[in-house]
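> Just so it is clear, I am handing over data-v2.tsv, which has TSV, C-alpha atoms.
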chain	number	residue	atom	x	y	z
A	140	MET	CA	5.31	25.33	-0.73
A	141	ALA	CA	4.81	23.68	2.67
A	142	ALA	CA	3.98	19.98	2.79
A	143	SER	CA	0.53	20.60	4.30
A	144	THR	CA	-0.28	23.08	1.54
A	145	LYS	CA	0.88	20.66	-1.14
A	146	PHE	CA	-1.45	17.95	0.08
A	147	GLY	CA	-4.33	20.37	0.41
A	148	VAL	CA	-3.83	21.14	-3.27
A	149	LEU	CA	-3.52	17.43	-3.99
A	150	ALA	CA	-6.86	16.66	-2.37
A	151	ARG	CA	-8.63	19.60	-4.02
A	152	SER	CA	-7.27	18.69	-7.43
A	153	PHE	CA	-9.78	15.81	-7.65
A	154	SER	CA	-12.88	17.87	-6.94
A	155	THR	CA	-14.29	21.30	-7.67
A	156	SER	CA	-16.86	21.29	-4.88
A	157	SER	CA	-16.44	23.22	-1.65
A	158	SER	CA	-16.50	19.93	0.27
A	159	ALA	CA	-13.05	19.22	-1.20
A	160	LEU	CA	-11.62	21.59	1.38
A	161	GLN	CA	-12.02	18.83	3.96
A	162	LEU	CA	-10.37	15.43	3.68
A	163	VAL	CA	-12.49	12.35	4.34
A	164	LYS	CA	-10.84	10.51	7.20
A	165	ALA	CA	-9.59	7.08	6.18
A	166	PRO	CA	-10.67	4.08	8.32
A	167	VAL	CA	-7.04	3.34	9.16
A	168	GLN	CA	-4.07	5.65	9.43
A	169	VAL	CA	-1.07	5.14	7.16
A	170	PHE	CA	2.14	7.05	7.57
A	171	GLY	CA	4.80	8.75	5.52
A	172	LEU	CA	4.72	10.72	2.30
A	173	TYR	CA	3.13	7.96	0.25
A	174	GLY	CA	0.57	7.29	2.96
A	175	ARG	CA	-0.51	10.90	2.55
A	176	TYR	CA	-0.83	10.46	-1.20
A	177	ALA	CA	-2.99	7.39	-0.64
A	178	SER	CA	-5.09	9.23	1.96
A	179	ALA	CA	-5.74	12.06	-0.48
A	180	LEU	CA	-6.83	9.57	-3.14
A	181	TYR	CA	-9.07	7.76	-0.63
A	182	SER	CA	-10.70	11.04	0.35
A	183	ALA	CA	-11.32	12.07	-3.26
A	184	ALA	CA	-12.67	8.64	-4.26
A	185	SER	CA	-14.91	8.54	-1.19
A	186	LYS	CA	-16.45	11.91	-2.05
A	187	GLN	CA	-17.17	10.73	-5.57
A	188	LYS	CA	-18.47	7.36	-4.31
A	189	SER	CA	-15.85	5.64	-6.45
A	190	LEU	CA	-13.82	3.72	-3.88
A	191	ASP	CA	-14.46	0.26	-5.35
A	192	LYS	CA	-13.86	1.49	-8.90
A	193	VAL	CA	-10.57	3.20	-8.02
A	194	GLU	CA	-9.42	0.12	-6.12
A	195	LYS	CA	-10.13	-2.11	-9.12
A	196	GLU	CA	-8.41	0.29	-11.52
A	197	LEU	CA	-5.27	0.44	-9.37
A	198	LYS	CA	-5.15	-3.36	-9.16
A	199	ASP	CA	-5.68	-3.70	-12.91
A	200	PHE	CA	-2.94	-1.16	-13.57
A	201	GLN	CA	-0.54	-3.07	-11.31
A	202	ALA	CA	-1.38	-6.24	-13.25
A	203	THR	CA	-0.77	-4.45	-16.54
A	204	ILE	CA	2.63	-3.23	-15.37
A	205	SER	CA	3.65	-6.72	-14.24
A	206	LYS	CA	2.78	-8.14	-17.69
A	207	ASP	CA	4.16	-5.27	-19.77
A	208	THR	CA	7.89	-5.06	-19.01
A	209	ARG	CA	8.35	-2.04	-21.27
A	210	LEU	CA	5.72	-0.10	-19.34
A	211	GLY	CA	7.28	-1.16	-16.04
A	212	GLU	CA	10.72	-0.01	-17.16
A	213	PHE	CA	9.26	3.25	-18.44
A	214	ILE	CA	7.64	3.97	-15.07
A	215	SER	CA	10.76	3.13	-13.04
A	216	ASN	CA	13.20	4.99	-15.33
A	217	PRO	CA	14.42	8.04	-13.34
A	218	THR	CA	16.06	9.71	-16.35
A	219	LEU	CA	12.84	10.40	-18.27
A	220	LYS	CA	11.25	13.83	-18.05
A	221	ARG	CA	8.23	14.11	-15.78
A	222	SER	CA	6.20	15.78	-18.51
A	223	LEU	CA	6.86	12.82	-20.82
A	224	LYS	CA	5.75	10.36	-18.16
A	225	LYS	CA	2.64	12.40	-17.39
A	226	ASP	CA	1.55	12.46	-21.03
A	227	ALA	CA	2.28	8.76	-21.50
A	228	ILE	CA	0.37	7.77	-18.38
A	229	GLY	CA	-2.55	9.88	-19.55
A	230	SER	CA	-2.60	7.91	-22.81
A	231	VAL	CA	-2.39	4.58	-20.95
A	232	ALA	CA	-5.21	5.58	-18.59
A	233	LYS	CA	-7.39	6.50	-21.56
A	234	LYS	CA	-6.59	3.23	-23.32
A	235	LEU	CA	-7.55	1.27	-20.19
A	236	ASN	CA	-10.78	3.30	-19.83
A	237	MET	CA	-9.84	4.48	-16.34
A	238	SER	CA	-12.03	6.90	-14.49
A	239	SER	CA	-10.84	10.50	-14.43
A	240	ILE	CA	-10.02	10.32	-10.73
A	241	THR	CA	-7.58	7.39	-11.15
A	242	GLY	CA	-6.12	8.71	-14.37
A	243	ASN	CA	-5.60	12.18	-12.92
A	244	PHE	CA	-4.01	10.73	-9.81
A	245	LEU	CA	-1.52	8.66	-11.80
A	246	GLN	CA	-0.66	11.72	-13.87
A	247	LEU	CA	-0.17	13.71	-10.67
A	248	LEU	CA	2.27	11.08	-9.39
A	249	ALA	CA	4.15	11.32	-12.68
A	250	GLU	CA	4.19	15.12	-12.54
A	251	ASN	CA	5.56	15.04	-8.99
A	252	GLY	CA	8.21	12.45	-9.81
A	253	ARG	CA	6.56	9.82	-7.59
A	254	LEU	CA	5.34	7.35	-10.20
A	255	SER	CA	8.08	4.83	-9.36
A	256	LYS	CA	6.50	4.51	-5.90
A	257	LEU	CA	3.08	3.61	-7.27
A	258	ASP	CA	3.23	0.15	-5.64
A	259	VAL	CA	3.75	1.73	-2.23
A	260	VAL	CA	0.87	4.18	-2.70
A	261	THR	CA	-1.40	1.43	-4.04
A	262	ASN	CA	-0.64	-0.88	-1.12
A	263	HIS	CA	-1.50	1.91	1.32
A	264	PHE	CA	-4.77	2.48	-0.53
A	265	LEU	CA	-5.59	-1.25	-0.46
A	266	THR	CA	-4.91	-1.29	3.28
A	267	MET	CA	-7.48	1.50	3.69
A	268	MET	CA	-10.00	-0.35	1.55
A	269	ALA	CA	-9.54	-3.52	3.58
A	270	ALA	CA	-10.21	-1.54	6.77
A	271	PHE	CA	-13.23	0.09	5.11
A	272	ARG	CA	-14.70	-3.37	4.55
A	273	GLY	CA	-13.89	-4.47	8.09
A	274	GLU	CA	-10.99	-6.62	6.96
A	275	VAL	CA	-7.78	-6.78	8.99
A	276	THR	CA	-4.80	-7.53	6.80
A	277	CYS	CA	-2.35	-10.06	8.15
A	278	GLU	CA	0.92	-11.27	6.65
A	279	ILE	CA	2.54	-14.38	8.08
A	280	THR	CA	6.20	-14.87	7.22
A	281	SER	CA	7.84	-18.25	7.74
A	282	ALA	CA	11.16	-19.83	6.77
A	283	LYS	CA	9.35	-22.47	4.72
A	284	ALA	CA	5.77	-23.01	3.57
A	285	LEU	CA	3.31	-23.73	6.38
A	286	ASP	CA	1.16	-26.83	6.11
A	287	ALA	CA	-2.61	-26.42	6.15
A	288	ALA	CA	-3.02	-27.54	9.76
A	289	THR	CA	-0.37	-25.13	11.10
A	290	LEU	CA	-1.76	-22.21	9.07
A	291	LYS	CA	-5.25	-22.92	10.39
A	292	GLU	CA	-3.94	-23.01	13.97
A	293	VAL	CA	-2.03	-19.74	13.58
A	294	THR	CA	-4.99	-18.04	11.89
A	295	ALA	CA	-7.30	-19.12	14.70
A	296	ALA	CA	-4.91	-17.66	17.28
A	297	LEU	CA	-4.63	-14.37	15.37
A	298	SER	CA	-8.42	-14.07	15.21
A	299	GLY	CA	-8.21	-13.15	18.89
A	300	PHE	CA	-6.93	-9.72	17.81
A	301	LEU	CA	-10.12	-8.96	15.91
A	302	GLN	CA	-12.97	-6.79	17.08
A	303	LYS	CA	-16.64	-7.56	16.48
A	304	GLY	CA	-17.55	-7.33	12.80
A	305	GLN	CA	-13.98	-7.66	11.56
A	306	THR	CA	-12.63	-10.44	9.36
A	307	LEU	CA	-9.05	-11.60	8.88
A	308	ASN	CA	-7.45	-11.30	5.45
A	309	VAL	CA	-4.37	-13.56	5.61
A	310	SER	CA	-1.46	-13.76	3.21
A	311	THR	CA	1.70	-15.82	3.62
A	312	LYS	CA	5.31	-15.15	2.70
A	313	ILE	CA	8.40	-17.35	2.72
A	314	ASP	CA	11.70	-15.89	3.89
A	315	PRO	CA	14.44	-18.46	4.65
A	316	SER	CA	16.56	-15.77	6.35
A	317	ILE	CA	14.37	-15.86	9.48
A	318	VAL	CA	15.67	-19.47	9.96
A	319	GLY	CA	12.59	-20.60	11.86
A	320	GLY	CA	9.57	-19.41	13.77
A	321	LEU	CA	7.22	-16.74	12.44
A	322	VAL	CA	7.03	-13.03	11.79
A	323	VAL	CA	3.47	-11.71	11.85
A	324	SER	CA	2.18	-8.36	10.72
A	325	ILE	CA	-1.48	-7.85	11.64
A	326	GLY	CA	-3.07	-4.44	11.31
A	327	ASP	CA	-0.65	-2.02	12.93
A	328	ARG	CA	0.95	-4.74	15.07
A	329	TYR	CA	4.27	-6.40	14.28
A	330	ILE	CA	5.15	-9.63	16.09
A	331	ASP	CA	8.62	-11.08	15.59
A	332	MET	CA	8.82	-14.68	16.78
A	333	SER	CA	11.56	-15.68	14.35
A	334	LEU	CA	14.53	-17.79	15.31
A	335	SER	CA	16.87	-15.29	13.66
A	336	SER	CA	15.74	-12.51	16.02
A	337	LYS	CA	16.31	-14.77	19.03
A	338	ILE	CA	19.80	-15.61	17.77
A	339	ASP	CA	20.53	-11.89	17.35
A	340	ARG	CA	19.40	-11.18	20.92
A	341	PHE	CA	21.51	-14.02	22.32
A	342	THR	CA	24.52	-12.87	20.28
A	343	THR	CA	24.15	-9.35	21.65
A	344	LEU	CA	23.96	-10.68	25.22
A	345	LEU	CA	27.06	-12.80	24.74
A	346	LYS	CA	29.02	-9.80	23.48
A	347	GLN	CA	28.24	-7.79	26.60
A	348	PRO	CA	30.98	-7.65	29.24
A	349	VAL	CA	30.50	-9.88	32.27
Take the structure in the file and write it out as structure tokens.

Amino acid sequence: MAASTKFGVLARSFSTSSSALQLVKAPVQVFGLYGRYASALYSAASKQKSLDKVEKELKDFQATISKDTRLGEFISNPTLKRSLKKDAIGSVAKKLNMSSITGNFLQLLAENGRLSKLDVVTNHFLTMMAAFRGEVTCEITSAKALDAATLKEVTAALSGFLQKGQTLNVSTKIDPSIVGGLVVSIGDRYIDMSLSSKIDRFTTLLKQPV
């Protein structure tokens, strides 16, 4: 079955109405196989006016996995049969009182052998939801924790990327390997101002013949 056909079936599997033949366009485009899974879920949830509910259920399920190591190992175990995972996830979804759309989607991931990539799919979905609310996600990576004054200054500078009506949703990450400087991911932009990248560029230049 062609990829486009598969995802047409995926989208229609959440609805029996004729409107299911058309995907609802997400407010931001995400790429790759798992982006397409997330887009199909967004479309289905939008049609059923359940976007907020599905978002909360996905977050709650992620929290459950992080607390329950046995469940996390079960999901990531590649040797288990897909049918077993599908049935188990169905039981978990019922126990957590998930809506049918979220429960069915998780079972579909299990059936297709994609359950181990749930975090990737969920993050794509959360990115769409942030865009839906007019939020622009921004991750600032630094070699060590930024003090409040520096973070405020950087955030103010990044606000210049926003359009009218948008708000900035900032998260920070520490990665000593960048040595110094910053790496910023804002929306679909990626800005590498790290010291490690500068060192790499200088090293490459030095290796070139004179």
> From the options A:Ser324, A:Gln187, A:Thr203, A:Thr218, which residue's atoms come nearest to Leu297 (chain A), counting all atoms listed in the file?
A:Ser324
> Go through A:Ser298, A:Glu292, A:Leu257, A:Arg328 and flag the residue nearest Ile204 (chain A), using all atoms listed in the file for the distances.
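Among the listed residues, the smallest separation from Ile204 (chain A) belongs to A:Leu257.
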> Could you give me, as number ranges by chain, the residues that sit within 12 Å of (4.1, 7.0, -10.2) in the file's coordinates, counting only C-alpha atoms?
A: 173, 176-177, 197, 200-201, 204, 210-217, 221, 224-225, 227-229, 241-261
> Quick one: pull the distance between CA of Ala270 (chain A) and CA of Gly304 (chain A), Å, one decimal.
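Separation between CA of Ala270 (chain A) and CA of Gly304 (chain A): 11.1 Å.
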> Hey, which of A:Ile279, A:Met268, A:Ala295, A:Leu180 ends up closest to Asp331 (chain A)? Count only C-alpha atoms.
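Nearest candidate to Asp331 (chain A) out of A:Ile279, A:Met268, A:Ala295, A:Leu180: A:Ile279.
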> Please determine, counting all atoms listed in the file, which residue among A:Asp226, A:Asp327, A:Asp339, A:Asp207 has the shortest atom-to-atom distance to Thr266 (chain A).
A:Asp327
> Quick one: pull the distance between CA of Lys303 (chain A) and CA of Leu265 (chain A), Å, one decimal.
21.2 Å
> Could you jot down the CA of Gln347 (chain A) to CA of Leu334 (chain A) separation for me, Å, one decimal place?
20.4 Å
> Report as a PyMOL selection string all protein, DNA and RNA residues lying within 10 Å of Leu307 (chain A), evaluated on only C-alpha atoms, omitting residues in the same chain fewer than 3 positions from it.
chain A and resi 269+273-277+294-295+297-298+300-301+310+325-326
> If we count all atoms listed in the file, what is near Lys192 (chain A) at a cut-off of 10 Å, once residues fewer than 5 positions away on the same chain are taken out, given as an mmCIF file with C-alpha atoms, keeping the file's coordinate frame?

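The result, written out as part.cif:
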data_model
loop_
_atom_site.group_PDB
_atom_site.id
_atom_site.type_symbol
_atom_site.label_atom_id
_atom_site.label_comp_id
_atom_site.auth_asym_id
_atom_site.auth_seq_id
_atom_site.Cartn_x
_atom_site.Cartn_y
_atom_site.Cartn_z
ATOM 1 C CA ALA A 184 -12.670 8.640 -4.260
ATOM 2 C CA LEU A 197 -5.270 0.440 -9.370
ATOM 3 C CA LYS A 198 -5.150 -3.360 -9.160
ATOM 4 C CA MET A 237 -9.840 4.480 -16.340
ATOM 5 C CA SER A 238 -12.030 6.900 -14.490
ATOM 6 C CA ILE A 240 -10.020 10.320 -10.730
ATOM 7 C CA THR A 241 -7.580 7.390 -11.150
#
> Using only the atoms of region 311-322 of chain A listed in the file, plus 4 Å on each side, state the axis-aligned box centre and edge lengths in Å rounded to one decimal, as AutoDock Vina command-line options.

--center_x 9.1 --center_y -16.8 --center_z 8.2 --size_x 22.9 --size_y 15.6 --size_z 19.1
> So, counting only C-alpha atoms, which residue among A:Arg272, A:Ile330, A:Gly171, A:Thr280 is closest to Gln305 (chain A)?
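That would be A:Arg272, the residue with the smallest distance to Gln305 (chain A).
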> Can you work out which one of A:Ser281, A:Thr311, A:Asn262, A:Asn236 has the shortest atom-to-atom distance to Ser333 (chain A), counting all atoms listed in the file?
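The answer is A:Ser281, which sits nearest to Ser333 (chain A).
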> For Tyr181 (chain A), find every residue with an atom within 8 Å (counting all atoms listed in the file), except residues of its own chain fewer than 5 positions away, and show them as an mmCIF file with C-alpha atoms, in the coordinates of the input.

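Result file result.cif:
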data_model
loop_
_atom_site.group_PDB
_atom_site.id
_atom_site.type_symbol
_atom_site.label_atom_id
_atom_site.label_comp_id
_atom_site.auth_asym_id
_atom_site.auth_seq_id
_atom_site.Cartn_x
_atom_site.Cartn_y
_atom_site.Cartn_z
ATOM 1 C CA VAL A 163 -12.490 12.350 4.340
ATOM 2 C CA ALA A 165 -9.590 7.080 6.180
ATOM 3 C CA LEU A 190 -13.820 3.720 -3.880
ATOM 4 C CA PHE A 264 -4.770 2.480 -0.530
ATOM 5 C CA MET A 267 -7.480 1.500 3.690
#
> Can you rebuild region 177-196 of chain A with N, CA, C and O atoms and give it as a PDB file, in the coordinates of the input?

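This is the output file selection_14.pdb:
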ATOM      1  N   ALA A 177      -1.899   8.360  -0.640  1.00  0.00           N
ATOM      2  CA  ALA A 177      -2.990   7.390  -0.640  1.00  0.00           C
ATOM      3  C   ALA A 177      -4.214   7.934   0.097  1.00  0.00           C
ATOM      4  O   ALA A 177      -5.357   7.713  -0.320  1.00  0.00           O
ATOM      5  N   SER A 178      -3.977   8.650   1.188  1.00  0.00           N
ATOM      6  CA  SER A 178      -5.090   9.230   1.960  1.00  0.00           C
ATOM      7  C   SER A 178      -5.840  10.267   1.144  1.00  0.00           C
ATOM      8  O   SER A 178      -7.070  10.358   1.213  1.00  0.00           O
ATOM      9  N   ALA A 179      -5.105  11.058   0.367  1.00  0.00           N
ATOM     10  CA  ALA A 179      -5.740  12.060  -0.480  1.00  0.00           C
ATOM     11  C   ALA A 179      -6.587  11.386  -1.562  1.00  0.00           C
ATOM     12  O   ALA A 179      -7.700  11.837  -1.867  1.00  0.00           O
ATOM     13  N   LEU A 180      -6.073  10.302  -2.132  1.00  0.00           N
ATOM     14  CA  LEU A 180      -6.830   9.570  -3.140  1.00  0.00           C
ATOM     15  C   LEU A 180      -8.072   8.940  -2.516  1.00  0.00           C
ATOM     16  O   LEU A 180      -9.160   8.980  -3.109  1.00  0.00           O
ATOM     17  N   TYR A 181      -7.930   8.359  -1.327  1.00  0.00           N
ATOM     18  CA  TYR A 181      -9.070   7.760  -0.630  1.00  0.00           C
ATOM     19  C   TYR A 181     -10.149   8.802  -0.392  1.00  0.00           C
ATOM     20  O   TYR A 181     -11.343   8.554  -0.621  1.00  0.00           O
ATOM     21  N   SER A 182      -9.748   9.975   0.069  1.00  0.00           N
ATOM     22  CA  SER A 182     -10.700  11.040   0.350  1.00  0.00           C
ATOM     23  C   SER A 182     -11.454  11.448  -0.917  1.00  0.00           C
ATOM     24  O   SER A 182     -12.673  11.572  -0.923  1.00  0.00           O
ATOM     25  N   ALA A 183     -10.703  11.639  -2.003  1.00  0.00           N
ATOM     26  CA  ALA A 183     -11.320  12.070  -3.260  1.00  0.00           C
ATOM     27  C   ALA A 183     -12.265  10.996  -3.799  1.00  0.00           C
ATOM     28  O   ALA A 183     -13.381  11.294  -4.236  1.00  0.00           O
ATOM     29  N   ALA A 184     -11.843   9.738  -3.757  1.00  0.00           N
ATOM     30  CA  ALA A 184     -12.670   8.640  -4.260  1.00  0.00           C
ATOM     31  C   ALA A 184     -13.919   8.460  -3.404  1.00  0.00           C
ATOM     32  O   ALA A 184     -15.004   8.159  -3.916  1.00  0.00           O
ATOM     33  N   SER A 185     -13.779   8.660  -2.095  1.00  0.00           N
ATOM     34  CA  SER A 185     -14.910   8.540  -1.190  1.00  0.00           C
ATOM     35  C   SER A 185     -15.970   9.596  -1.502  1.00  0.00           C
ATOM     36  O   SER A 185     -17.175   9.311  -1.540  1.00  0.00           O
ATOM     37  N   LYS A 186     -15.512  10.814  -1.739  1.00  0.00           N
ATOM     38  CA  LYS A 186     -16.450  11.910  -2.050  1.00  0.00           C
ATOM     39  C   LYS A 186     -17.193  11.660  -3.348  1.00  0.00           C
ATOM     40  O   LYS A 186     -18.354  12.054  -3.489  1.00  0.00           O
ATOM     41  N   GLN A 187     -16.538  11.007  -4.285  1.00  0.00           N
ATOM     42  CA  GLN A 187     -17.170  10.730  -5.570  1.00  0.00           C
ATOM     43  C   GLN A 187     -17.829   9.345  -5.604  1.00  0.00           C
ATOM     44  O   GLN A 187     -18.263   8.883  -6.661  1.00  0.00           O
ATOM     45  N   LYS A 188     -17.869   8.696  -4.427  1.00  0.00           N
ATOM     46  CA  LYS A 188     -18.470   7.360  -4.310  1.00  0.00           C
ATOM     47  C   LYS A 188     -17.863   6.394  -5.333  1.00  0.00           C
ATOM     48  O   LYS A 188     -18.571   5.632  -6.004  1.00  0.00           O
ATOM     49  N   SER A 189     -16.557   6.444  -5.445  1.00  0.00           N
ATOM     50  CA  SER A 189     -15.850   5.640  -6.450  1.00  0.00           C
ATOM     51  C   SER A 189     -14.763   4.768  -5.829  1.00  0.00           C
ATOM     52  O   SER A 189     -13.809   4.377  -6.519  1.00  0.00           O
ATOM     53  N   LEU A 190     -14.874   4.469  -4.550  1.00  0.00           N
ATOM     54  CA  LEU A 190     -13.820   3.720  -3.880  1.00  0.00           C
ATOM     55  C   LEU A 190     -13.556   2.365  -4.535  1.00  0.00           C
ATOM     56  O   LEU A 190     -12.413   2.008  -4.818  1.00  0.00           O
ATOM     57  N   ASP A 191     -14.622   1.598  -4.767  1.00  0.00           N
ATOM     58  CA  ASP A 191     -14.460   0.260  -5.350  1.00  0.00           C
ATOM     59  C   ASP A 191     -13.875   0.350  -6.762  1.00  0.00           C
ATOM     60  O   ASP A 191     -13.031  -0.466  -7.143  1.00  0.00           O
ATOM     61  N   LYS A 192     -14.339   1.323  -7.517  1.00  0.00           N
ATOM     62  CA  LYS A 192     -13.860   1.490  -8.900  1.00  0.00           C
ATOM     63  C   LYS A 192     -12.377   1.846  -8.928  1.00  0.00           C
ATOM     64  O   LYS A 192     -11.604   1.280  -9.702  1.00  0.00           O
ATOM     65  N   VAL A 193     -11.984   2.796  -8.079  1.00  0.00           N
ATOM     66  CA  VAL A 193     -10.570   3.200  -8.020  1.00  0.00           C
ATOM     67  C   VAL A 193      -9.699   2.036  -7.566  1.00  0.00           C
ATOM     68  O   VAL A 193      -8.617   1.813  -8.117  1.00  0.00           O
ATOM     69  N   GLU A 194     -10.169   1.288  -6.587  1.00  0.00           N
ATOM     70  CA  GLU A 194      -9.420   0.120  -6.120  1.00  0.00           C
ATOM     71  C   GLU A 194      -9.192  -0.868  -7.260  1.00  0.00           C
ATOM     72  O   GLU A 194      -8.068  -1.353  -7.463  1.00  0.00           O
ATOM     73  N   LYS A 195     -10.246  -1.168  -8.005  1.00  0.00           N
ATOM     74  CA  LYS A 195     -10.130  -2.110  -9.120  1.00  0.00           C
ATOM     75  C   LYS A 195      -9.176  -1.581 -10.196  1.00  0.00           C
ATOM     76  O   LYS A 195      -8.357  -2.336 -10.745  1.00  0.00           O
ATOM     77  N   GLU A 196      -9.263  -0.298 -10.492  1.00  0.00           N
ATOM     78  CA  GLU A 196      -8.410   0.290 -11.520  1.00  0.00           C
ATOM     79  C   GLU A 196      -6.939   0.258 -11.114  1.00  0.00           C
ATOM     80  O   GLU A 196      -6.063   0.000 -11.945  1.00  0.00           O
TER      81      GLU A 196
END
